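Trainee: Sharing a structure with you now.
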Amino acid sequence: MERGSSDKKPTNSKDEQLEQFRIDNYGKKLTTNQSVRISNDEDSLKAGIRGPTLMEDFHFREKITHFDHERIPERVVHARGYAAHGVFELYKSMKEYTTASFLQESGTTTPVFVRFSNVVGSAGSKDTARDVRGFATKFYTESGNYDLVGNNIPVFFIQDAIKFPDLIHAVKPEPHNEIPQASSAHDTFWDFVANNQETAHMIMWLMSDRAIPRSWRMMEGFGVHTFRFVNKERKSTFVKFHWKPILGVHSLVWDEAQIIGGKDPDFQRRDLWEAIERGAYPEYELGVQMIDESDEFMFDFDILDATKIWPEEIVPVQIIGKMTLNKNVDNVFAETEQVAFHPGNIIPGIDFTNDPLLQGRLFSYLDTQLIRLGGPNFAEIPINRPLCPFHNNQRNGFSRQRIDIGKVSYHKNSLANNTPSTSSLEEGGFVHYEEKVEGRVIQARSESFNDFFSQARLFWNSMSPPEKKHIIDAFSFEVGNVKSRSVRQQVVDMFVHVDKQMATIIANNTGVNRPNGAQSNVTASSPALSQENTSRYPNTLNVGVLIGNGFNDAEVKNVINLLEENGVFIHYIGEQIGTVTGRIGSKIKIDETFMTTDPVLHDAIYVVGGSAIDQVKFNKNIMYYIGGTYNHYKPIGIATTGEMYFDVPNKNNIPGVIFASYNPNFAMDFLNAITEQRFWNRIV
Ligand code: HDE
């Protein structure tokens, strides 16, 4: 029996608000939108049983017309996305720095809605493209909606919003043939990069493992820009926002990401959906970096430049709260597609800075939403409604839902006692921060924005050897796909400023001359940038168990129990959907066959083996799964009954391959290997 969620208890105040809009069609009579009951939904009204369809068939016309208009424009960027509901809980009062209502008392909880997205691909493209991930959070606070519209990379390609259309035109499929989809590996993108060298730092991140996250649950989020906190005394502090995933930051391997794109284009949305459905709620801590206004010019980078980070070792991240995503949407169109994020949605206690990238964004979001959501009334769409009611003199427009009563719709007035009335600062009115500004009207960029390579090199210096190798491989793939030799040469000549050895290998791999320029002389590194130093847990990693009949009941049970106790997700993979039976009769339900899944879709495999109807094919499949898992550096556990599939000398010296025979600690060793996740020192 399939039912909507309207019979479930609301999880928080936003959920309660949404509840009044949810419709459960289960068990109801079919009607038109005018509520007229329908007697036939199979055949249109015709003049004669084999005759033409009649115009007067109002049900047919209404049904088809509605269908014809079902699509709205996809987002011009971040078109492919997926969202979930949750809650943010404050650990630590930030009263000293800000009056933002949701940051006042520790323990305060605020409903949130989060949309993750890919920037480049169309709505129907694949999840695992090499790309920046959007990480947009709407906080439904008591003083209005606050949107933190961030990415999973802390810097951006460009410094001024006026260049955004150029960047996006260059990275999207080329206009003459609409190729390639969801990929930056083509001429126009790299031509843009080489001719706009402020991109250098961002490109290092984009070529790194950060651009192919294992899961949205395992990536960081960043507000990117410098914002302000403003406190009761109207003192402002510069602030950058960070989301830190509790599970640590983990990535796919590029070859794996490409295969997943075909095997399961929905890999990341499925991962989020399933984790939430299973109650393994994704969690992220909110961190802030703060710089006192008086220290604005203390750094060797401009704090208004969105191509720069504030290294965590210089400006520490203070953790102030935690967000938990605990509910999937009921309807992707109504919620995920219609949600409208806007960095301009701020609340008292938070304010903007003069970052020219942020300033431009403040115009773009509302503007794009006017066309995407069909007019100015989209704040009335349930997912976009604030929790507190809103009152103003705005009226009319397409699809107005509310019925504002009375004849007064202007300010100031006497007929309605001058209401709705404005609020003073003390009453919670938003008062813009009174920043002192002076200067000439000028179209130019501050010289303090001119250092493009120091932090790009800082990033490179901070990478572990496997991470550096992945970056070189990514460049070799991306630039190798560029047809213009001149562009390939320009890219190599640009990235020599980051690292000469790196650029030389890329030059060799892409058939251009070795670069002559000099690399930046930065020697510092920032350990916080390397994923090598992240946390590792087995929770929610998924292990494919390759199993047939005749397994060792006690051995398998013991291993699976330990993995499940530690939060590992188990998927039994066999010859056919059904059950397999152990030596002493225990039954295991097979969830997936070798055909329906693939080694790229699992974080590790446990090779149990056994007997099958077509033993030759069964064995061949197991060998394929071992090969795929091994080549992507992932853990492999070999049961005593699986030995024959991995018959090599020196068994104990293969990184991340754990054998059960003669090993009383097999289950724990395998669990530790799963937790480790990748074994980069493996020879593949
Ligand atoms: Fe966006 N961006 N952006 N962006 N952005 C949009 O707004 C834009 C930038 C980000 O899940 C659009 O409603 C400009 C930085 C996310 O619905 C659009 C510039 C960051 C999302 C737009 C930037 C972002 C968007 C398209 C250059 C990270 C998806 C649809 C200054 C801090 C939100 C829409 C969602 C979406 C404009 C740069 C994050 C066109 C002009 C930097 C997460 O308005």
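Chains: A, B, ... in order of the structure tokens. Residues: from 1 per chain. Ligands: from 1, in order shown.
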Compute the set of protein, DNA and RNA residues whose minimum atom distance to ligand 1 is at most 7 Å, using only C-alpha atoms and all ligand atoms, and state it as a ChimeraX atom specification.
Mentor: /A:75-78,81,115-117,134-136,149-151,156,160-161,164,222-225,339-342,357-358,360-361,364-366,368-369
Trainee: Quick one: residues within 9 Å of Gly397 in chain A, only C-alpha atoms counted, chain neighbours fewer than 4 positions away excluded, as JSON, numbers by chain?
Mentor: {"A": [375, 376, 377]}
Trainee: Using DSSP assignments from the backbone, pull out every residue in range 558-675 of chain A that falls under strand (DSSP E or B) and give it to me as a VMD selection string.
Mentor: chain A and resid 569 to 574 578 to 581 587 to 590 592 to 593 604 to 609 611 636 to 638 657 to 659
Trainee: Let me make sure I understand: among A:Ser526, A:Lys28, A:Glu283, A:Ala456, which one has the smallest atom-to-atom distance to Val315 in chain A if we use only C-alpha atoms?
Mentor: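 Answer, going by the shortest atom-to-atom distance: A:Ser526.
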Trainee: Hey, which of A:Gln519, A:Thr32, A:Thr11, A:Thr510 ends up closest to Asn328 in chain A? Count only C-alpha atoms.
Mentor: A:Thr11
Trainee: Any idea what's packed within 12 Å of Asn145 in chain A, counting only C-alpha atoms, ignoring anything in its chain fewer than 5 positions away? Could you give it as a PyMOL selection string?
Mentor: chain A and resi 14+100-102+110-113+137-140+340-348+350+379+383-390
Trainee: Which polymer residues have any atom within 10 Å of an atom of range 304-308 of chain A, counting only C-alpha atoms, with same-chain residues fewer than 2 positions away left out, as a VMD selection string?
Mentor: chain A and resid 154 to 160 198 to 202 224 to 227 238 296 301 to 302 310 to 311 353 to 358 446 448 to 452 454 to 456
Trainee: One number please: CA of Lys468 in chain A to CA of Met494 in chain A, in Å, one decimal.
Mentor: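 Between CA of Lys468 in chain A and CA of Met494 in chain A the gap is 17.5 Å.
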Trainee: For Gln17 in chain A, please output as a PyMOL selection string all residues within 8 Å (counting only C-alpha atoms; exclusion window: fewer than 4 positions along the same chain).
Mentor: chain A and resi 13+21+382+387
Trainee: Quick one: residues within 9 Å of range 418-425 of chain A, only C-alpha atoms, excluding same-chain residues fewer than 4 positions away - as a compact mmCIF listing (two decimals) with N, CA, C and O atoms, in the first residue's frame?
Mentor:
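Done, and the output landed in selection-v4.txt:
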```txt
# COMPACT_ATOMS: atom_id res chain seq x y z
N PRO A 348 18.92 40.01 10.22
CA PRO A 348 19.68 40.92 11.07
C PRO A 348 20.79 40.18 11.81
O PRO A 348 20.57 39.09 12.34
N HIS A 391 4.45 40.54 5.70
CA HIS A 391 3.46 41.59 5.45
C HIS A 391 4.13 42.74 4.74
O HIS A 391 5.15 43.24 5.21
N ASN A 392 3.60 43.16 3.61
CA ASN A 392 4.12 44.35 2.95
C ASN A 392 3.08 44.84 1.96
O ASN A 392 1.95 44.33 1.93
N ASN A 393 3.46 45.80 1.14
CA ASN A 393 2.50 46.39 0.20
C ASN A 393 2.71 45.87 -1.22
O ASN A 393 2.23 46.46 -2.18
N VAL A 408 -5.75 49.39 1.56
CA VAL A 408 -4.48 50.11 1.64
C VAL A 408 -3.33 49.20 1.20
O VAL A 408 -3.16 48.11 1.74
N TYR A 410 -0.07 50.79 0.39
CA TYR A 410 0.98 51.79 0.19
C TYR A 410 1.47 52.28 1.54
O TYR A 410 0.78 52.16 2.56
N HIS A 411 2.65 52.82 1.49
CA HIS A 411 3.33 53.33 2.69
C HIS A 411 3.78 54.74 2.33
O HIS A 411 4.25 54.94 1.21
N LYS A 412 3.64 55.74 3.07
CA LYS A 412 2.97 55.80 4.35
C LYS A 412 1.48 55.97 4.14
O LYS A 412 1.05 56.45 3.10
N ASN A 413 0.70 55.66 5.17
CA ASN A 413 -0.74 55.83 5.05
C ASN A 413 -1.31 56.24 6.40
O ASN A 413 -0.66 56.09 7.44
N SER A 414 -2.54 56.73 6.35
CA SER A 414 -3.24 56.98 7.61
C SER A 414 -4.43 56.05 7.75
O SER A 414 -4.87 55.74 8.84
N GLY A 429 14.30 45.18 13.26
CA GLY A 429 14.37 45.64 11.87
C GLY A 429 15.77 45.45 11.31
O GLY A 429 16.75 45.61 12.04
N PHE A 430 15.87 45.11 10.03
CA PHE A 430 17.19 44.96 9.42
C PHE A 430 17.75 46.35 9.14
O PHE A 430 17.13 47.14 8.44
N VAL A 431 18.90 46.65 9.70
CA VAL A 431 19.55 47.92 9.43
C VAL A 431 20.88 47.61 8.76
O VAL A 431 21.69 46.87 9.32
```
Trainee: Please provide as a list of chain:residue names all residues within 10 Å of Asp553 in chain A, with the sequence filter that same-chain residues fewer than 3 positions apart are discarded (counting only C-alpha atoms).
Mentor: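 Here the answer would be A:Gly550, A:Val556, A:Lys557, A:Asn558, A:Thr581, A:Gly582, A:Arg583, A:Ile584, A:Gly585, A:Ser586, A:Lys587, A:Ile588.
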